[in-house]
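Written out below as structure tokens is the structure these notes cover.
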Amino acid sequence: MASASSDKSSREVTLRFLAEPSEMNFGGKVHGGTVMKWIDQAGYACAVSWSGQYCVTVYVGGIRFYHPIHIGDLVEVKARLIYTGNTSLHVAVDVYAGDPKNSRQRKTTNCVIIFVAVDRDGHPLVVPSWQPQTEEDRMLHAYAQKLMAMRKDIDAEMKPYLEV
């Protein structure tokens with residue numbers, strides 16, 4: 001990956017790079033699994049930057065692919081902290097791509113990832129609290145809380161069918 005920028009006070013990370021031929025699927029576009037890897041990497045960088053701890057992915061929700069990414073596109077994967085619990089961090093990730101010869105980019109993918117900070121033995125660690133500062137922050141914070149409530153309902157509904 002060509003570059004990463006991170007600022008703990010802004011709680012955001014953006015990865016920028018060109019989509020390469022080695023990432024192509026059978027349809028000639030970037031493989032969805034590759035996009036998911038990029039999303040996890042940007043989300044991880046954001047979570048670690050905020051928490052100062054090693055973090056593990058515990059949930060990826062609502063991943064949505066809107067448009068394909070073409071080989072040679074300039075890709076931006078933007079990760080932003082939107083909620084903190086005691087040991088967890090919710091990170092919204094948006095992926096944009098477009099021809100580097102012009103400045104037009106389109107949103108191609110988005111999702112929310114939940115990370116948990118852990119020690120060397122895998123035990124959860126407390127993370128620094130984050131509080132929304134702007135109206136957009138408050139909307140994203142509320143969105144994360146709504147998703148948590150929805151996940152609890154889904155988990156309860158699916159419990160009879162899952163073995164963990």
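Every chain in the structure tokens takes a letter, A first, then B, and so on in the order presented; its residues are numbered from 1, and the ligands are numbered from 1 following the presented order.
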Self-check item: Residue neighbourhood A:Tyr83, 10 Å, only C-alpha atoms, exclusion window fewer than 4 positions, as a PyMOL selection string
Solution: chain A and resi 88-92+114+129-132+137-138+140-145
Would you save the residues of that selection, restricted to all heavy atoms, as a tab-separated table (two decimals), in the first residue's frame?
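Written out: out-v6.tsv:
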chain	number	residue	atom	x	y	z
A	88	SER	N	-14.31	-2.22	23.17
A	88	SER	CA	-14.57	-2.31	21.74
A	88	SER	C	-14.54	-0.95	21.07
A	88	SER	O	-14.75	0.08	21.70
A	88	SER	CB	-15.91	-2.99	21.47
A	88	SER	OG	-16.97	-2.17	21.95
A	89	LEU	N	-14.28	-0.99	19.77
A	89	LEU	CA	-14.27	0.20	18.94
A	89	LEU	C	-15.05	-0.10	17.67
A	89	LEU	O	-14.81	-1.13	17.03
A	89	LEU	CB	-12.83	0.57	18.54
A	89	LEU	CG	-11.82	0.72	19.65
A	89	LEU	CD1	-10.99	-0.53	19.78
A	89	LEU	CD2	-10.93	1.90	19.37
A	90	HIS	N	-15.97	0.78	17.30
A	90	HIS	CA	-16.73	0.64	16.07
A	90	HIS	C	-16.13	1.59	15.05
A	90	HIS	O	-16.00	2.79	15.32
A	90	HIS	CB	-18.20	0.98	16.28
A	90	HIS	CG	-18.88	0.04	17.23
A	90	HIS	ND1	-20.12	-0.47	16.98
A	90	HIS	CD2	-18.50	-0.48	18.41
A	90	HIS	CE1	-20.49	-1.26	17.97
A	90	HIS	NE2	-19.51	-1.28	18.85
A	91	VAL	N	-15.79	1.06	13.90
A	91	VAL	CA	-15.14	1.84	12.86
A	91	VAL	C	-15.96	1.76	11.58
A	91	VAL	O	-16.25	0.66	11.10
A	91	VAL	CB	-13.70	1.32	12.61
A	91	VAL	CG1	-13.03	2.09	11.49
A	91	VAL	CG2	-12.87	1.39	13.89
A	92	ALA	N	-16.36	2.91	11.04
A	92	ALA	CA	-17.04	2.96	9.75
A	92	ALA	C	-15.97	3.05	8.67
A	92	ALA	O	-15.02	3.83	8.79
A	92	ALA	CB	-17.96	4.18	9.68
A	114	ILE	N	-16.31	-3.93	14.02
A	114	ILE	CA	-16.09	-3.83	15.46
A	114	ILE	C	-14.78	-4.54	15.79
A	114	ILE	O	-14.57	-5.69	15.40
A	114	ILE	CB	-17.24	-4.44	16.26
A	114	ILE	CG1	-18.55	-3.74	15.92
A	114	ILE	CG2	-16.95	-4.35	17.77
A	114	ILE	CD1	-19.77	-4.39	16.53
A	129	SER	N	-12.05	6.36	25.74
A	129	SER	CA	-13.41	6.73	25.35
A	129	SER	C	-13.38	7.81	24.28
A	129	SER	O	-12.50	8.67	24.27
A	129	SER	CB	-14.16	7.24	26.58
A	129	SER	OG	-15.46	7.64	26.23
A	130	TRP	N	-14.33	7.77	23.38
A	130	TRP	CA	-14.50	8.81	22.37
A	130	TRP	C	-15.92	9.36	22.48
A	130	TRP	O	-16.87	8.60	22.61
A	130	TRP	CB	-14.27	8.26	20.96
A	130	TRP	CG	-14.62	9.25	19.90
A	130	TRP	CD1	-13.88	10.32	19.51
A	130	TRP	CD2	-15.82	9.29	19.13
A	130	TRP	NE1	-14.53	11.02	18.54
A	130	TRP	CE2	-15.74	10.40	18.29
A	130	TRP	CE3	-16.96	8.48	19.07
A	130	TRP	CZ2	-16.74	10.74	17.39
A	130	TRP	CZ3	-17.96	8.82	18.17
A	130	TRP	CH2	-17.84	9.93	17.34
A	131	GLN	N	-16.04	10.65	22.41
A	131	GLN	CA	-17.35	11.31	22.45
A	131	GLN	C	-17.55	12.12	21.17
A	131	GLN	O	-16.63	12.81	20.73
A	131	GLN	CB	-17.45	12.24	23.67
A	131	GLN	CG	-17.38	11.52	24.99
A	131	GLN	CD	-18.49	10.49	25.16
A	131	GLN	OE1	-19.65	10.75	24.87
A	131	GLN	NE2	-18.11	9.31	25.62
A	132	PRO	N	-18.74	12.05	20.59
A	132	PRO	CA	-19.01	12.82	19.37
A	132	PRO	C	-18.84	14.32	19.61
A	132	PRO	O	-19.23	14.83	20.65
A	132	PRO	CB	-20.46	12.49	19.05
A	132	PRO	CG	-20.87	11.38	19.94
A	132	PRO	CD	-19.90	11.30	21.05
A	137	ASP	N	-20.79	13.49	13.76
A	137	ASP	CA	-20.32	12.52	14.76
A	137	ASP	C	-21.48	11.94	15.55
A	137	ASP	O	-21.54	10.73	15.79
A	137	ASP	CB	-19.36	13.18	15.75
A	137	ASP	CG	-18.00	13.51	15.18
A	137	ASP	OD1	-17.67	13.05	14.07
A	137	ASP	OD2	-17.26	14.24	15.88
A	138	ARG	N	-22.40	12.81	15.98
A	138	ARG	CA	-23.54	12.35	16.78
A	138	ARG	C	-24.43	11.40	15.97
A	138	ARG	O	-24.94	10.41	16.49
A	138	ARG	CB	-24.34	13.54	17.31
A	138	ARG	CG	-23.64	14.25	18.46
A	138	ARG	CD	-24.46	15.36	19.10
A	138	ARG	NE	-24.41	16.61	18.35
A	138	ARG	CZ	-23.38	17.46	18.36
A	138	ARG	NH1	-22.32	17.20	19.10
A	138	ARG	NH2	-23.42	18.56	17.65
A	140	LEU	N	-23.42	9.44	13.45
A	140	LEU	CA	-22.70	8.17	13.30
A	140	LEU	C	-22.68	7.39	14.61
A	140	LEU	O	-22.79	6.16	14.61
A	140	LEU	CB	-21.28	8.44	12.80
A	140	LEU	CG	-21.18	8.90	11.35
A	140	LEU	CD1	-19.78	9.40	11.04
A	140	LEU	CD2	-21.57	7.78	10.40
A	141	HIS	N	-22.55	8.08	15.72
A	141	HIS	CA	-22.58	7.46	17.04
A	141	HIS	C	-23.94	6.79	17.27
A	141	HIS	O	-24.01	5.63	17.71
A	141	HIS	CB	-22.29	8.53	18.10
A	141	HIS	CG	-22.03	8.00	19.45
A	141	HIS	ND1	-22.99	7.93	20.43
A	141	HIS	CD2	-20.89	7.51	20.02
A	141	HIS	CE1	-22.47	7.43	21.52
A	141	HIS	NE2	-21.21	7.17	21.31
A	142	ALA	N	-25.01	7.50	16.95
A	142	ALA	CA	-26.37	6.95	17.09
A	142	ALA	C	-26.56	5.77	16.14
A	142	ALA	O	-27.21	4.78	16.50
A	142	ALA	CB	-27.40	8.04	16.82
A	143	TYR	N	-26.00	5.87	14.95
A	143	TYR	CA	-26.08	4.78	13.98
A	143	TYR	C	-25.41	3.52	14.55
A	143	TYR	O	-25.96	2.42	14.46
A	143	TYR	CB	-25.41	5.22	12.67
A	143	TYR	CG	-25.29	4.17	11.61
A	143	TYR	CD1	-26.42	3.62	11.01
A	143	TYR	CD2	-24.04	3.73	11.18
A	143	TYR	CE1	-26.31	2.65	10.02
A	143	TYR	CE2	-23.92	2.78	10.18
A	143	TYR	CZ	-25.05	2.24	9.61
A	143	TYR	OH	-24.94	1.29	8.63
A	144	ALA	N	-24.23	3.68	15.15
A	144	ALA	CA	-23.54	2.54	15.76
A	144	ALA	C	-24.37	1.92	16.86
A	144	ALA	O	-24.47	0.70	16.97
A	144	ALA	CB	-22.17	2.99	16.30
A	145	GLN	N	-25.01	2.75	17.69
A	145	GLN	CA	-25.85	2.24	18.76
A	145	GLN	C	-27.06	1.49	18.20
A	145	GLN	O	-27.46	0.45	18.72
A	145	GLN	CB	-26.30	3.37	19.67
A	145	GLN	CG	-25.15	3.93	20.49
A	145	GLN	CD	-25.55	5.13	21.31
A	145	GLN	OE1	-26.19	6.05	20.82
A	145	GLN	NE2	-25.18	5.11	22.59
Quiz prompt | helix (DSSP H, G or I) residues, from DSSP on the backbone, in chain A, as a VMD selection string | solution = chain A and resid 21 to 23 32 to 51 135 to 161
For A:Cys55, please output as an mmCIF file with N, CA, C and O atoms, in the first residue's frame all residues within 7 Å (counting only C-alpha atoms; exclusion window: fewer than 5 positions along the same chain).
data_model
loop_
_atom_site.group_PDB
_atom_site.id
_atom_site.type_symbol
_atom_site.label_atom_id
_atom_site.label_comp_id
_atom_site.auth_asym_id
_atom_site.auth_seq_id
_atom_site.Cartn_x
_atom_site.Cartn_y
_atom_site.Cartn_z
ATOM 1 N N TYR A 44 -8.349 -1.722 11.034
ATOM 2 C CA TYR A 44 -7.358 -2.096 12.050
ATOM 3 C C TYR A 44 -6.441 -0.917 12.369
ATOM 4 O O TYR A 44 -6.197 -0.599 13.534
ATOM 5 N N ALA A 47 -8.352 1.542 14.492
ATOM 6 C CA ALA A 47 -8.598 1.047 15.853
ATOM 7 C C ALA A 47 -7.322 1.053 16.695
ATOM 8 O O ALA A 47 -7.337 1.471 17.855
ATOM 9 N N VAL A 48 -6.220 0.614 16.115
ATOM 10 C CA VAL A 48 -4.947 0.573 16.832
ATOM 11 C C VAL A 48 -4.448 1.987 17.124
ATOM 12 O O VAL A 48 -3.950 2.270 18.207
ATOM 13 N N PHE A 115 -13.925 -3.817 16.487
ATOM 14 C CA PHE A 115 -12.651 -4.349 16.963
ATOM 15 C C PHE A 115 -12.681 -4.389 18.477
ATOM 16 O O PHE A 115 -13.371 -3.594 19.115
ATOM 17 N N VAL A 116 -11.898 -5.294 19.060
ATOM 18 C CA VAL A 116 -11.697 -5.338 20.497
ATOM 19 C C VAL A 116 -10.192 -5.279 20.741
ATOM 20 O O VAL A 116 -9.420 -6.012 20.101
ATOM 21 N N ALA A 117 -9.780 -4.398 21.628
ATOM 22 C CA ALA A 117 -8.379 -4.319 22.026
ATOM 23 C C ALA A 117 -8.089 -5.486 22.960
ATOM 24 O O ALA A 117 -8.877 -5.774 23.864
ATOM 25 N N VAL A 118 -6.955 -6.168 22.722
ATOM 26 C CA VAL A 118 -6.608 -7.338 23.526
ATOM 27 C C VAL A 118 -5.136 -7.310 23.915
ATOM 28 O O VAL A 118 -4.304 -6.713 23.230
#
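Ranking A:Lys152, A:Arg106, A:His70, A:Lys101 by their shortest atom-to-atom distance to A:Asn25, with only C-alpha atoms included, puts A:His70 first.
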Taking only residues of stretch 67-87 of chain A that have an atom at most 12 Å from an atom of stretch 96-99 of chain A, what is each one's shortest atom pair and its distance in Å to one decimal, using only C-alpha atoms, in chain and number order, as a Markdown table?
| residue | atom | partner | partner_atom | distance |
| --- | --- | --- | --- | --- |
| A:His67 | CA | A:Ala97 | CA | 9.0 |
| A:Pro68 | CA | A:Ala97 | CA | 8.7 |
| A:Ile69 | CA | A:Ala97 | CA | 6.3 |
| A:His70 | CA | A:Gly98 | CA | 7.9 |
| A:Ile71 | CA | A:Asp99 | CA | 9.4 |
| A:Gly72 | CA | A:Asp99 | CA | 7.2 |
| A:Asp73 | CA | A:Asp99 | CA | 4.9 |
| A:Leu74 | CA | A:Ala97 | CA | 5.5 |
| A:Val75 | CA | A:Ala97 | CA | 4.4 |
| A:Glu76 | CA | A:Tyr96 | CA | 5.1 |
| A:Val77 | CA | A:Tyr96 | CA | 6.5 |
| A:Lys78 | CA | A:Tyr96 | CA | 8.1 |
| A:Ala79 | CA | A:Tyr96 | CA | 11.4 |
Saved selection, atoms kept: C-alpha atoms, as a CSV table (one decimal), in the first residue's frame:
chain,number,residue,atom,x,y,z
A,67,HIS,CA,-19.8,-0.2,-7.8
A,68,PRO,CA,-16.8,-2.3,-9.1
A,69,ILE,CA,-13.3,-1.1,-8.7
A,70,HIS,CA,-11.3,-1.2,-12.0
A,71,ILE,CA,-7.7,-2.2,-12.4
A,72,GLY,CA,-5.7,1.1,-12.4
A,73,ASP,CA,-8.2,3.0,-10.3
A,74,LEU,CA,-6.9,5.2,-7.5
A,75,VAL,CA,-8.5,3.7,-4.4
A,76,GLU,CA,-9.1,5.4,-1.1
A,77,VAL,CA,-10.1,3.4,2.0
A,78,LYS,CA,-11.3,5.8,4.7
A,79,ALA,CA,-11.8,4.4,8.2
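When only C-alpha atoms are used to measure the gap to A:His31, the shortest distance among A:Glu136, A:Thr57, A:Met150, A:Phe65 belongs to A:Phe65.
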Quiz item: Looking at only C-alpha atoms, which of A:Val95, A:Val126, A:Val30, A:Val35 is the one that sits closest to A:Trp50?
Solution: A:Val126
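Across A:Ser51, A:Thr87, A:Gln41, A:Thr134, the tightest approach to A:Arg16 is made by A:Gln41 when counting only C-alpha atoms.
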Practice problem: Check stretch 7-47 of chain A with DSSP on the backbone and list each residue it calls strand (DSSP E), as a PyMOL selection string. | Solution: chain A and resi 7+12-18
Can you write just those residues out, all heavy atoms, as a PDB file, in the first residue's frame?
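What landed in selection-v9.pdb:
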ATOM      1  N   ASP A   7      -4.240  10.295  12.392  1.00  0.00           N
ATOM      2  CA  ASP A   7      -4.163  11.358  13.378  1.00  0.00           C
ATOM      3  C   ASP A   7      -5.075  10.960  14.518  1.00  0.00           C
ATOM      4  O   ASP A   7      -6.292  10.915  14.343  1.00  0.00           O
ATOM      5  CB  ASP A   7      -4.602  12.677  12.730  1.00  0.00           C
ATOM      6  CG  ASP A   7      -4.611  13.829  13.714  1.00  0.00           C
ATOM      7  OD1 ASP A   7      -4.309  13.627  14.905  1.00  0.00           O
ATOM      8  OD2 ASP A   7      -4.928  14.930  13.282  1.00  0.00           O
ATOM      9  N   GLU A  12      -9.186   9.180  12.363  1.00  0.00           N
ATOM     10  CA  GLU A  12      -9.386   8.716  10.991  1.00  0.00           C
ATOM     11  C   GLU A  12      -8.097   8.229  10.368  1.00  0.00           C
ATOM     12  O   GLU A  12      -7.021   8.721  10.691  1.00  0.00           O
ATOM     13  CB  GLU A  12      -9.946   9.851  10.133  1.00  0.00           C
ATOM     14  CG  GLU A  12     -11.320  10.307  10.562  1.00  0.00           C
ATOM     15  CD  GLU A  12     -11.868  11.420   9.689  1.00  0.00           C
ATOM     16  OE1 GLU A  12     -11.268  11.721   8.630  1.00  0.00           O
ATOM     17  OE2 GLU A  12     -12.911  11.983  10.060  1.00  0.00           O
ATOM     18  N   VAL A  13      -8.233   7.251   9.472  1.00  0.00           N
ATOM     19  CA  VAL A  13      -7.117   6.743   8.687  1.00  0.00           C
ATOM     20  C   VAL A  13      -7.597   6.630   7.249  1.00  0.00           C
ATOM     21  O   VAL A  13      -8.709   6.177   6.996  1.00  0.00           O
ATOM     22  CB  VAL A  13      -6.664   5.354   9.199  1.00  0.00           C
ATOM     23  CG1 VAL A  13      -5.681   4.715   8.245  1.00  0.00           C
ATOM     24  CG2 VAL A  13      -6.076   5.456  10.589  1.00  0.00           C
ATOM     25  N   THR A  14      -6.753   7.055   6.312  1.00  0.00           N
ATOM     26  CA  THR A  14      -7.046   6.884   4.894  1.00  0.00           C
ATOM     27  C   THR A  14      -5.877   6.183   4.235  1.00  0.00           C
ATOM     28  O   THR A  14      -4.739   6.644   4.337  1.00  0.00           O
ATOM     29  CB  THR A  14      -7.297   8.239   4.202  1.00  0.00           C
ATOM     30  OG1 THR A  14      -8.415   8.879   4.814  1.00  0.00           O
ATOM     31  CG2 THR A  14      -7.603   8.034   2.712  1.00  0.00           C
ATOM     32  N   LEU A  15      -6.150   5.068   3.579  1.00  0.00           N
ATOM     33  CA  LEU A  15      -5.155   4.354   2.781  1.00  0.00           C
ATOM     34  C   LEU A  15      -5.417   4.711   1.322  1.00  0.00           C
ATOM     35  O   LEU A  15      -6.574   4.689   0.883  1.00  0.00           O
ATOM     36  CB  LEU A  15      -5.277   2.847   2.976  1.00  0.00           C
ATOM     37  CG  LEU A  15      -5.197   2.309   4.403  1.00  0.00           C
ATOM     38  CD1 LEU A  15      -5.351   0.792   4.406  1.00  0.00           C
ATOM     39  CD2 LEU A  15      -3.908   2.720   5.070  1.00  0.00           C
ATOM     40  N   ARG A  16      -4.355   5.009   0.569  1.00  0.00           N
ATOM     41  CA  ARG A  16      -4.485   5.352  -0.852  1.00  0.00           C
ATOM     42  C   ARG A  16      -3.495   4.518  -1.656  1.00  0.00           C
ATOM     43  O   ARG A  16      -2.319   4.420  -1.286  1.00  0.00           O
ATOM     44  CB  ARG A  16      -4.182   6.834  -1.078  1.00  0.00           C
ATOM     45  CG  ARG A  16      -5.189   7.764  -0.500  1.00  0.00           C
ATOM     46  CD  ARG A  16      -4.803   9.224  -0.796  1.00  0.00           C
ATOM     47  NE  ARG A  16      -5.706  10.112  -0.092  1.00  0.00           N
ATOM     48  CZ  ARG A  16      -5.486  10.623   1.105  1.00  0.00           C
ATOM     49  NH1 ARG A  16      -4.385  10.320   1.744  1.00  0.00           N
ATOM     50  NH2 ARG A  16      -6.354  11.420   1.670  1.00  0.00           N
ATOM     51  N   PHE A  17      -3.961   3.978  -2.779  1.00  0.00           N
ATOM     52  CA  PHE A  17      -3.103   3.162  -3.625  1.00  0.00           C
ATOM     53  C   PHE A  17      -3.805   2.924  -4.950  1.00  0.00           C
ATOM     54  O   PHE A  17      -4.990   3.238  -5.107  1.00  0.00           O
ATOM     55  CB  PHE A  17      -2.782   1.828  -2.939  1.00  0.00           C
ATOM     56  CG  PHE A  17      -4.006   1.148  -2.393  1.00  0.00           C
ATOM     57  CD1 PHE A  17      -4.741   0.271  -3.161  1.00  0.00           C
ATOM     58  CD2 PHE A  17      -4.437   1.412  -1.101  1.00  0.00           C
ATOM     59  CE1 PHE A  17      -5.881  -0.333  -2.660  1.00  0.00           C
ATOM     60  CE2 PHE A  17      -5.577   0.811  -0.592  1.00  0.00           C
ATOM     61  CZ  PHE A  17      -6.299  -0.069  -1.382  1.00  0.00           C
ATOM     62  N   LEU A  18      -3.074   2.356  -5.890  1.00  0.00           N
ATOM     63  CA  LEU A  18      -3.641   2.000  -7.188  1.00  0.00           C
ATOM     64  C   LEU A  18      -4.043   0.527  -7.180  1.00  0.00           C
ATOM     65  O   LEU A  18      -3.307  -0.317  -6.659  1.00  0.00           O
ATOM     66  CB  LEU A  18      -2.621   2.244  -8.305  1.00  0.00           C
ATOM     67  CG  LEU A  18      -2.244   3.695  -8.545  1.00  0.00           C
ATOM     68  CD1 LEU A  18      -1.091   3.778  -9.535  1.00  0.00           C
ATOM     69  CD2 LEU A  18      -3.442   4.486  -9.041  1.00  0.00           C
TER      70      LEU A  18
END
